[in-house]
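*Asks:* What follows is query.cif, mmCIF, C-alpha atoms.
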```
data_target
loop_
_atom_site.label_atom_id
_atom_site.label_comp_id
_atom_site.auth_asym_id
_atom_site.auth_seq_id
_atom_site.Cartn_x
_atom_site.Cartn_y
_atom_site.Cartn_z
CA MET G 25 95.62 164.57 156.38
CA GLU G 26 96.95 168.08 156.47
CA THR G 27 94.53 170.77 155.27
CA GLU G 28 94.71 174.53 154.95
CA ARG G 29 92.04 176.16 157.08
CA SER G 30 92.76 179.78 156.23
CA SER G 31 90.48 181.47 153.69
CA ALA G 32 91.53 181.36 150.03
CA GLU G 33 93.73 184.19 148.84
CA LEU G 34 92.78 184.65 145.18
CA VAL G 35 95.47 185.29 142.58
CA ASP G 36 95.14 188.66 140.77
CA ASP G 37 93.56 188.49 137.32
CA ALA G 38 96.61 189.89 135.56
CA VAL G 39 98.90 187.42 137.33
CA VAL G 40 96.71 184.42 136.48
CA GLY G 41 97.01 185.26 132.79
CA GLN G 42 100.80 185.57 133.01
CA ILE G 43 101.15 182.32 135.00
CA ALA G 44 99.08 180.47 132.41
CA ARG G 45 101.07 181.89 129.48
CA ALA G 46 104.40 181.28 131.20
CA ALA G 47 103.41 177.67 131.94
CA LEU G 48 102.21 177.03 128.39
CA LEU G 49 105.34 178.56 126.87
CA ALA G 50 107.45 176.39 129.19
CA THR G 51 105.48 173.38 127.98
CA LEU G 52 106.00 174.37 124.37
CA LEU G 53 109.73 174.66 125.04
CA GLY G 54 109.61 171.05 126.18
CA ALA G 55 107.32 169.90 123.39
CA VAL G 56 109.56 171.28 120.61
CA ALA G 57 112.70 169.66 122.03
CA PRO G 58 112.48 166.67 119.64
CA ILE G 59 111.73 168.75 116.50
CA SER G 60 114.59 169.64 114.19
CA ILE G 61 114.64 171.30 110.79
CA PRO G 62 117.62 170.50 108.55
CA ILE G 63 119.51 173.39 106.98
CA PRO G 64 121.59 172.97 103.85
CA LEU G 65 125.40 172.71 104.24
CA SER G 66 125.30 172.42 108.02
CA PRO G 67 125.79 169.31 110.13
CA ALA G 68 123.53 170.58 112.92
CA PRO G 69 119.81 171.02 112.26
CA ILE G 70 117.81 173.91 113.71
CA THR G 71 116.14 173.11 116.98
CA LEU G 72 113.44 175.48 118.06
CA GLN G 73 114.32 175.86 121.73
CA VAL G 74 116.47 178.98 121.53
CA LEU G 75 113.80 180.57 119.32
CA PHE G 76 111.25 180.07 122.10
CA VAL G 77 113.72 181.45 124.65
CA PHE G 78 113.86 184.63 122.54
CA LEU G 79 110.07 184.66 122.28
CA ALA G 80 109.76 184.22 126.05
CA GLY G 81 111.69 187.44 126.54
CA LEU G 82 109.92 189.24 123.70
CA LEU G 83 106.34 188.24 124.53
CA LEU G 84 106.34 187.62 128.29
CA GLY G 85 108.79 190.35 129.31
CA PRO G 86 111.68 190.54 131.78
CA VAL G 87 109.76 189.01 134.71
CA TRP G 88 107.54 186.28 133.31
CA GLY G 89 109.94 185.30 130.50
CA PRO G 90 112.64 184.04 132.89
CA ILE G 91 109.94 182.55 135.16
CA SER G 92 108.64 180.59 132.19
CA ILE G 93 112.11 179.19 131.47
CA LEU G 94 112.61 178.37 135.15
CA LEU G 95 109.35 176.41 135.05
CA TYR G 96 110.74 174.48 132.10
CA LEU G 97 113.97 173.74 133.97
CA ALA G 98 112.05 172.73 137.12
CA ALA G 99 109.76 170.44 135.13
CA GLY G 100 112.82 168.82 133.57
CA ALA G 101 114.56 168.54 136.94
CA ILE G 102 111.74 166.48 138.45
CA GLY G 103 111.84 164.14 135.48
CA LEU G 104 109.46 165.27 132.74
CA PRO G 105 111.07 164.39 129.39
CA VAL G 106 111.46 167.99 128.22
CA PHE G 107 115.20 168.28 127.58
CA SER G 108 116.79 167.41 124.24
CA GLY G 109 116.60 163.71 123.43
CA MET G 110 113.38 163.57 125.54
CA THR G 111 115.31 163.23 128.80
CA GLY G 112 114.79 164.71 132.25
CA GLY G 113 116.26 164.64 135.73
CA ILE G 114 118.54 166.80 137.84
CA GLY G 115 121.52 165.11 136.18
CA VAL G 116 120.84 166.95 132.91
CA LEU G 117 120.89 170.26 134.80
CA VAL G 118 124.53 169.69 135.72
CA GLY G 119 125.42 167.62 132.63
CA THR G 120 127.14 168.53 129.37
CA THR G 121 124.48 170.93 128.09
CA ALA G 122 123.69 172.43 131.51
CA GLY G 123 125.46 175.69 130.69
CA TYR G 124 123.04 176.22 127.83
CA LEU G 125 120.00 175.36 129.95
CA TRP G 126 120.95 177.78 132.74
CA SER G 127 121.74 180.52 130.26
CA TYR G 128 118.17 180.45 128.89
CA PRO G 129 116.49 182.31 131.79
CA ILE G 130 119.27 184.90 131.76
CA ALA G 131 118.97 185.36 127.99
CA ALA G 132 115.16 185.66 128.19
CA GLY G 133 115.49 188.20 131.00
CA LEU G 134 118.03 190.19 129.01
CA VAL G 135 115.84 190.25 125.90
CA GLY G 136 112.79 191.21 127.97
CA LEU G 137 114.60 193.97 129.83
CA LEU G 138 116.14 195.55 126.73
CA VAL G 139 113.03 195.32 124.53
CA HIS G 140 110.39 196.31 127.10
CA ARG G 141 112.69 198.68 129.06
CA GLY G 142 110.95 197.94 132.35
CA THR G 143 108.32 195.58 133.69
CA GLU G 144 105.48 197.29 131.78
CA LEU G 145 105.02 195.18 128.63
CA ARG G 146 105.05 196.91 125.24
CA ASP G 147 104.24 195.46 121.84
CA PRO G 148 107.59 194.21 120.49
CA ALA G 149 106.25 194.72 116.93
CA GLU G 150 106.89 198.44 117.49
CA THR G 151 110.53 197.95 118.46
CA PRO G 152 112.92 198.99 115.66
CA ILE G 153 114.51 196.07 113.80
CA PRO G 154 118.17 197.08 114.42
CA LEU G 155 117.51 197.08 118.18
CA LEU G 156 115.83 193.66 118.00
CA VAL G 157 118.73 192.25 115.96
CA SER G 158 121.37 193.52 118.38
CA VAL G 159 119.45 192.40 121.46
CA LEU G 160 118.95 188.89 120.07
CA LEU G 161 122.60 188.68 118.98
CA GLY G 162 123.62 189.67 122.50
CA ALA G 163 121.34 187.01 123.99
CA THR G 164 122.80 184.40 121.62
CA LEU G 165 126.31 185.36 122.76
CA VAL G 166 125.29 184.95 126.41
CA ILE G 167 123.82 181.51 125.67
CA TYR G 168 126.92 180.30 123.83
CA ALA G 169 129.37 181.79 126.30
CA MET G 170 127.70 180.04 129.22
CA GLY G 171 127.10 176.82 127.27
CA THR G 172 130.65 176.35 126.05
CA GLY G 173 132.25 177.79 129.18
CA TYR G 174 130.46 175.28 131.40
CA ALA G 175 131.13 172.35 129.04
CA ALA G 176 134.82 173.26 128.93
CA TRP G 177 135.01 173.34 132.74
CA LEU G 178 132.95 170.18 133.24
CA LEU G 179 134.69 168.00 130.66
CA GLU G 180 138.16 169.47 131.18
CA LEU G 181 138.41 170.73 127.61
CA GLU G 182 140.33 173.72 126.27
CA LEU G 183 137.99 176.60 125.47
CA TRP G 184 138.59 176.25 121.72
CA GLU G 185 137.91 172.52 121.87
CA ALA G 186 134.61 173.17 123.61
CA THR G 187 133.73 175.87 121.08
CA LEU G 188 134.46 173.48 118.22
CA THR G 189 132.27 170.74 119.69
CA PHE G 190 129.49 172.64 121.41
CA ALA G 191 129.11 175.90 119.48
CA ALA G 192 130.56 176.04 115.96
CA PRO G 193 128.14 173.57 114.31
CA PHE G 194 125.15 175.58 115.47
CA VAL G 195 126.06 179.11 114.36
CA PRO G 196 124.23 179.13 110.97
CA GLY G 197 121.06 177.94 112.70
CA GLU G 198 121.28 180.73 115.27
CA LEU G 199 121.19 183.43 112.61
CA LEU G 200 118.07 181.84 111.12
CA LYS G 201 116.44 181.74 114.55
CA ILE G 202 117.06 185.46 115.08
CA ALA G 203 115.45 186.18 111.71
CA ALA G 204 112.51 183.92 112.57
CA ALA G 205 111.98 185.52 116.00
CA ILE G 206 111.88 188.98 114.43
CA ALA G 207 109.53 187.83 111.66
CA ILE G 208 107.16 186.37 114.28
CA VAL G 209 106.92 189.45 116.49
CA LYS G 210 106.76 191.81 113.50
CA SER G 211 103.86 189.84 112.00
CA GLY G 212 101.83 191.05 115.00
CA ARG G 213 99.86 187.79 115.18
CA ILE G 214 100.91 187.18 118.76
CA ARG G 215 100.93 190.03 121.25
CA PRO G 216 101.97 190.22 124.89
CA LEU G 217 99.28 190.48 127.57
CA GLN G 218 99.17 194.16 128.48
CA SER G 219 98.02 194.90 131.99
CA MET X 23 111.82 156.73 127.59
CA LEU X 24 112.63 157.37 131.21
CA THR X 25 109.51 158.06 133.32
CA TYR X 26 107.96 157.24 136.67
CA GLU X 27 107.00 153.62 137.11
CA PRO X 28 104.95 152.51 140.12
CA GLY X 29 106.67 150.08 142.45
CA THR X 30 107.29 149.07 146.03
CA THR X 31 111.07 149.47 146.31
CA LEU X 32 112.64 151.36 149.19
CA ALA X 33 113.33 154.23 146.79
CA HIS X 34 109.62 154.46 145.96
CA ARG X 35 108.71 154.74 149.64
CA LEU X 36 111.18 157.54 150.42
CA ASP X 37 110.01 161.13 150.63
CA PRO X 38 110.85 163.08 147.43
CA ARG X 39 112.61 165.75 149.50
CA SER X 40 115.18 163.33 150.86
CA LYS X 41 115.75 161.94 147.35
CA LEU X 42 116.25 165.45 145.97
CA ALA X 43 118.69 166.24 148.77
CA PHE X 44 120.57 163.02 147.99
CA GLN X 45 120.91 163.89 144.31
CA ILE X 46 122.15 167.40 145.07
CA GLY X 47 124.71 166.04 147.51
CA PHE X 48 125.84 163.43 144.99
CA ALA X 49 126.12 165.94 142.15
CA ALA X 50 128.04 168.38 144.35
CA THR X 51 130.68 165.85 145.30
CA ALA X 52 130.88 164.35 141.79
CA LEU X 53 131.48 167.80 140.29
CA ALA X 54 134.24 168.46 142.81
CA HIS X 55 136.23 165.24 142.29
CA THR X 56 137.65 163.47 139.24
CA THR X 57 140.39 161.36 140.80
CA LEU X 58 140.24 157.60 140.21
CA PRO X 59 139.56 156.63 143.88
CA ALA X 60 136.75 159.21 144.05
CA LEU X 61 135.25 157.91 140.80
CA GLY X 62 135.45 154.36 142.18
CA ALA X 63 133.58 155.37 145.33
CA LEU X 64 130.98 157.28 143.31
CA THR X 65 130.51 154.24 141.06
CA VAL X 66 129.78 152.05 144.09
CA VAL X 67 127.23 154.60 145.39
CA THR X 68 125.61 154.79 141.93
CA ALA X 69 125.40 151.00 141.67
CA LEU X 70 123.75 150.85 145.12
CA VAL X 71 121.25 153.55 144.15
CA LEU X 72 120.37 151.76 140.90
CA ALA X 73 119.97 148.46 142.73
CA VAL X 74 117.77 149.92 145.49
CA ALA X 75 115.55 151.67 142.94
CA ARG X 76 115.61 148.63 140.58
CA VAL X 77 116.60 150.81 137.63
CA PRO X 78 117.60 148.80 134.56
CA PRO X 79 121.03 150.30 133.68
CA LEU X 80 121.05 149.50 129.96
CA ARG X 81 117.61 150.93 129.26
CA THR X 82 118.57 154.03 131.23
CA LEU X 83 121.78 154.47 129.28
CA TYR X 84 119.75 154.16 126.08
CA ALA X 85 117.38 156.89 127.29
CA TYR X 86 120.38 159.21 127.76
CA ARG X 87 121.99 158.22 124.43
CA PHE X 88 122.25 161.77 123.08
CA ALA X 89 124.06 162.97 126.18
CA LEU X 90 126.29 159.89 125.96
CA VAL X 91 127.43 160.86 122.45
CA LEU X 92 128.69 164.21 123.74
CA LEU X 93 130.31 162.54 126.74
CA ALA X 94 132.11 160.13 124.42
CA VAL X 95 133.20 162.83 121.96
CA ALA X 96 134.67 165.15 124.61
CA PRO X 97 137.68 162.95 125.54
CA LEU X 98 138.44 162.40 121.83
CA VAL X 99 138.40 166.14 121.16
CA ALA X 100 140.52 166.74 124.25
CA ALA X 101 143.07 164.12 123.18
CA ALA X 102 143.47 165.44 119.64
CA THR X 103 146.27 167.96 119.27
CA PHE X 104 147.69 169.91 116.33
CA GLY X 105 151.12 168.68 115.22
CA THR X 106 153.03 165.68 116.50
CA PRO X 107 152.22 163.50 118.33
CA TRP X 108 148.60 164.32 117.26
CA ILE X 109 147.19 162.49 120.23
CA ASP X 110 147.73 163.69 123.78
CA VAL X 111 146.70 160.71 125.89
CA SER X 112 146.86 162.40 129.28
CA ASP X 113 144.53 165.22 128.18
CA GLY X 114 142.10 162.61 126.87
CA VAL X 115 142.20 160.60 130.09
CA THR X 116 141.55 163.70 132.22
CA SER X 117 138.56 164.56 130.08
CA ALA X 118 137.33 160.95 130.09
CA GLN X 119 137.36 160.91 133.90
CA ALA X 120 135.44 164.19 133.91
CA SER X 121 132.91 162.74 131.44
CA TYR X 122 132.45 159.59 133.48
CA ARG X 123 131.30 161.46 136.60
CA VAL X 124 128.63 163.21 134.50
CA LEU X 125 127.38 159.77 133.47
CA LEU X 126 127.14 158.77 137.14
CA ILE X 127 125.16 161.92 137.97
CA LEU X 128 122.76 161.14 135.11
CA LEU X 129 122.23 157.59 136.36
CA VAL X 130 121.52 158.72 139.93
CA SER X 131 119.00 161.27 138.73
CA ALA X 132 117.40 158.55 136.57
CA ALA X 133 116.68 156.63 139.78
CA TYR X 134 114.74 159.65 141.09
CA VAL X 135 112.79 160.07 137.87
CA ARG X 136 111.82 156.42 137.87
CA THR X 137 110.66 156.25 141.48
CA THR X 138 108.94 159.60 142.04
CA PRO X 139 105.50 160.58 140.66
CA VAL X 140 105.21 164.17 139.40
CA ARG X 141 102.52 165.09 141.96
CA ALA X 142 104.89 164.14 144.79
CA SER X 143 107.66 166.28 143.28
CA ARG X 144 105.19 169.12 142.91
CA ALA X 145 104.21 168.90 146.58
CA ALA X 146 107.90 168.76 147.53
CA ILE X 147 108.62 171.96 145.58
CA GLN X 148 105.68 173.75 147.12
CA ARG X 149 106.58 172.74 150.67
CA THR X 150 110.29 173.44 150.31
CA ILE X 151 110.21 176.83 148.57
CA PRO X 152 108.29 179.26 150.76
CA GLY X 153 105.65 181.76 149.69
CA LYS X 154 104.45 182.74 146.26
CA PRO X 155 107.59 181.70 144.31
CA GLY X 156 107.07 178.13 145.54
CA GLN X 157 103.40 178.27 144.54
CA VAL X 158 104.12 179.61 141.06
CA LEU X 159 106.84 177.02 140.50
CA ALA X 160 104.66 174.15 141.75
CA ILE X 161 101.56 175.21 139.83
CA GLY X 162 103.65 175.84 136.72
CA VAL X 163 105.29 172.42 136.88
CA ALA X 164 101.88 170.78 137.33
CA LEU X 165 100.57 172.69 134.28
CA VAL X 166 103.61 171.68 132.20
CA PHE X 167 102.93 168.05 133.13
CA ARG X 168 99.25 168.43 132.19
CA PHE X 169 99.80 170.23 128.90
CA LEU X 170 102.90 168.48 127.56
CA PRO X 171 100.92 165.75 125.72
CA VAL X 172 98.37 168.33 124.53
CA LEU X 173 100.98 170.63 122.99
CA ARG X 174 102.85 167.65 121.51
CA ALA X 175 99.60 166.67 119.78
CA ASP X 176 99.13 170.29 118.60
CA LEU X 177 102.62 170.30 117.15
CA ARG X 178 102.01 166.99 115.41
CA THR X 179 98.82 168.34 113.84
CA ILE X 180 100.58 171.51 112.71
CA ARG X 181 103.49 169.61 111.18
CA GLU X 182 101.20 167.17 109.38
CA ALA X 183 99.18 170.07 107.98
CA ILE X 184 102.37 171.78 106.83
CA ALA X 185 103.64 168.59 105.22
CA ALA X 186 100.28 167.99 103.47
CA ARG X 187 100.62 171.43 101.85
CA LEU X 188 104.23 170.72 100.81
CA GLY X 189 105.43 173.18 103.44
CA THR X 190 108.41 170.88 103.98
CA GLU X 191 109.72 171.99 100.56
CA ARG X 192 110.01 175.59 101.70
CA ASP X 193 113.19 177.13 103.05
CA ALA X 194 114.27 176.60 106.64
CA ILE X 195 113.46 180.08 107.88
CA GLU X 196 109.91 180.00 106.57
CA ARG X 197 109.31 176.55 108.06
CA THR X 198 110.69 177.68 111.41
CA THR X 199 108.55 180.81 111.43
CA THR X 200 105.39 178.92 110.48
CA ILE X 201 105.78 176.18 113.07
CA ALA X 202 106.69 178.63 115.82
CA THR X 203 103.88 181.10 115.05
CA LEU X 204 101.19 178.44 114.81
CA SER X 205 102.29 176.48 117.85
CA LEU X 206 102.71 179.60 119.96
CA SER X 207 99.38 181.12 119.01
CA ARG X 208 97.66 177.82 119.79
CA ALA X 209 99.49 177.56 123.10
CA PHE X 210 98.55 181.13 124.07
CA ASP X 211 94.91 180.52 123.06
CA ARG X 212 94.96 177.55 125.40
CA ALA X 213 96.59 179.71 128.08
CA ASP X 214 93.87 182.35 127.78
CA ARG X 215 91.14 179.72 128.08
CA LEU X 216 92.99 178.16 131.01
CA THR X 217 93.15 181.59 132.70
CA LEU X 218 89.37 181.89 132.52
CA ALA X 219 88.92 178.35 133.82
CA MET X 220 91.32 178.92 136.72
CA GLN X 221 89.58 182.18 137.67
CA ALA X 222 86.21 180.45 137.56
CA ARG X 223 87.57 177.87 140.02
CA CYS X 224 88.91 180.51 142.46
CA PHE X 225 92.59 179.92 141.65
CA SER X 226 94.32 180.91 144.90
CA TRP X 227 97.75 181.23 146.44
CA ASN X 228 96.96 178.63 149.13
CA PRO X 229 95.44 175.42 147.69
CA THR X 230 95.31 172.12 149.58
CA LEU X 231 98.26 169.86 148.82
CA PRO X 232 98.66 166.10 148.84
CA ALA X 233 100.12 164.84 152.11
CA LEU X 234 103.87 164.22 152.28
CA SER X 235 105.48 162.74 155.34
CA LEU X 236 109.11 162.38 156.26
CA SER X 237 109.48 159.05 158.04
CA ARG X 238 112.27 157.37 159.95
CA ARG X 239 113.62 155.75 156.78
CA ASP X 240 114.25 159.21 155.28
CA LEU X 241 116.70 160.11 158.03
CA PRO X 242 119.63 157.98 156.80
CA VAL X 243 119.09 159.33 153.25
CA PHE X 244 119.32 162.89 154.52
CA GLY X 245 122.40 161.92 156.51
CA VAL X 246 124.11 160.47 153.43
CA ALA X 247 123.09 163.53 151.41
CA ILE X 248 124.81 165.82 153.91
CA VAL X 249 127.93 163.63 154.03
CA LEU X 250 128.12 163.57 150.21
CA ALA X 251 127.70 167.34 150.02
CA ALA X 252 130.39 167.77 152.67
CA THR X 253 132.85 165.59 150.75
CA ALA X 254 132.63 168.12 147.91
CA LEU X 255 134.72 170.39 150.12
CA LEU X 256 137.49 167.82 150.71
#
```
Give the structure from this file in structure tokens form.
*Replies:*
Amino acid sequence: METERSSAELVDDAVVGQIARAALLATLLGAVAPISIPIPLSPAPITLQVLFVFLAGLLLGPVWGPISILLYLAAGAIGLPVFSGMTGGIGVLVGTTAGYLWSYPIAAGLVGLLVHRGTELRDPAETPIPLLVSVLLGATLVIYAMGTGYAAWLLELELWEATLTFAAPFVPGELLKIAAAIAIVKSGRIRPLQS
Amino acid sequence: MLTYEPGTTLAHRLDPRSKLAFQIGFAATALAHTTLPALGALTVVTALVLAVARVPPLRTLYAYRFALVLLAVAPLVAAATFGTPWIDVSDGVTSAQASYRVLLILLVSAAYVRTTPVRASRAAIQRTIPGKPGQVLAIGVALVFRFLPVLRADLRTIREAIAARLGTERDAIERTTTIATLSLSRAFDRADRLTLAMQARCFSWNPTLPALSLSRRDLPVFGVAIVLAATALL
């Protein structure tokens, strides 16, 4: 059996904390995949995944936020049932909703970069609300642009057809998720790890 | 649900790295081609893969039922047009062929999921991606595997507690905020305890991994993977 004979190279304290939080947030992203909350007058219920993508950027920052989402995608790729409908496998990562999945790390990175303005983490509770709203709206746009764009290419649909099927039903839910993300960080109950 | 099941098929004995390479090759060529002959060839390959891995096709299709709904809707949406003749058959057929290849990709990846334990995939990640990124990815995936049932149980507890207090009668935004705050603060509490535990156990960048060995039977799989990937360029 192959063994490593070199001496152990310990992981820095600050990095251990971020790895653990990134891994647990990735897990949570998978665990909430089956949960949906109905909203009145809308065919599509709220799912919590995009909310946790926002929170990954807000609470883990521009480096560990995207890493956390990549962990989620990797865990799904090797077959853990973390994608919607409790599925997994590389197939989902190129399937109909793949555009959405690949947009998550980009959106989390964008949110982290604009809110923390660098790799040094700040408390997002101190960020002004208008900035938070516009950043999260921008991230939502990125997610939907990539999600519908990829679906349109993959399934040979016109862009408007893809928008109708893959985006329009979900818009009311998105606005609620932005409000929820802001309420959560403003409550100050969960803070980023500051090194 | 689609998960790893122990077995002795050829697919179980292959190295995870050759199976990953095969899937990537298959997906690459399937995404590049939607002609009928190509779809026929891909169907034959998929059927072989399912047979070798002894994957029950119907149960697998059921596991992917939500994806199947979208795949079925897409050709209908593509076929519908405004004004006469209302239905554009050729648009629908094009989209149906595009949908079908996605189904094949899903089935091939199901064969991997069913025949590969998570610890083998983890070792494959760590050996394939060099340096610290590979370590972080592998450790992270292992932690996700470990904590998924724990956080699912946390979420269940939280939702039952909310329901017991009639929280389900509240408006959507308040319910969303409550579930997310509680689940996240629990998850981060667990992360902070995990950090301490990992430090106490000398969490390092170079742990000992389970053994993986490429054998002679992996060679043809790699060969097919390369051929499939190359056909994407045809």
*Asks:* For each of X:Ile201, X:Ala133, X:Ala164, X:Val66, take the minimum atom-to-atom distance to Ala205 of chain G, counting only C-alpha atoms, then give the residue where this is smallest.
*Replies:* X:Ile201
*Asks:* Do you know which residues are at most 8 Å from segment 238-240 of chain X counting all atoms listed in the file, after dropping those on the same chain fewer than 5 positions away, and could you put them as an MDAnalysis selection string?
*Replies:* chainID X and resid 36:37 40
*Asks:* Now that the selection is made, can you save its residues with C-alpha atoms as an mmCIF file, in the coordinates of the input?
*Replies:*
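File produced: part12.cif:
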```
data_model
loop_
_atom_site.group_PDB
_atom_site.id
_atom_site.type_symbol
_atom_site.label_atom_id
_atom_site.label_comp_id
_atom_site.auth_asym_id
_atom_site.auth_seq_id
_atom_site.Cartn_x
_atom_site.Cartn_y
_atom_site.Cartn_z
ATOM 1 C CA LEU X 36 111.180 157.540 150.420
ATOM 2 C CA ASP X 37 110.010 161.130 150.630
ATOM 3 C CA SER X 40 115.180 163.330 150.860
#
```
*Asks:* I'd like the contact shell of segment 115-132 of chain X - 8 Å cut-off, all atoms listed in the file, skipping same-chain residues fewer than 4 positions apart - returned as an MDAnalysis selection string.
*Replies:* (chainID G and resid 103 112:116 118:120 178:181) or (chainID X and resid 24 45 48:49 52:53 56:58 61 64:65 68 71:72 77 79 82:83 86 90 93:94 96:97 100:101 111 136)
*Asks:* From the options X:Ala63, X:Ala102, X:Trp227, X:Ser207, which residue's atoms come nearest to Glu185 of chain G, counting all atoms listed in the file?
*Replies:* X:Ala102
*Asks:* Using all atoms listed in the file, which of X:Tyr134, X:Phe210, X:Phe88, X:Tyr26 sits nearest Pro216 of chain G?
*Replies:* X:Phe210
*Asks:* Given all atoms listed in the file as the basis, pick out the residue of X:Phe244, X:Leu98, X:Met23, X:Leu173 nearest to Arg81 of chain X.
*Replies:*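 Closest to Arg81 of chain X of all the choices is X:Met23.
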*Asks:* To one decimal in Å, tell me the separation between atom CA of Tyr124 of chain G and atom CA of Pro90 of chain G.
*Replies:*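 Going from atom CA of Tyr124 of chain G over to atom CA of Pro90 of chain G, I get 14.0 Å.
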*Asks:* Which of these residues is nearest to chain X, using all atoms listed in the file: G:Leu84, G:Met170, G:Leu95, G:Ala122?
*Replies:*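 Nearest candidate to chain X out of G:Leu84, G:Met170, G:Leu95, G:Ala122: G:Leu95.
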*Asks:* Could you jot down the atom CA of Thr51 of chain X to atom CA of Leu70 of chain X separation for me, Å, one decimal place?
*Replies:*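 Separation of atom CA of Thr51 of chain X and atom CA of Leu70 of chain X: 16.5 Å.
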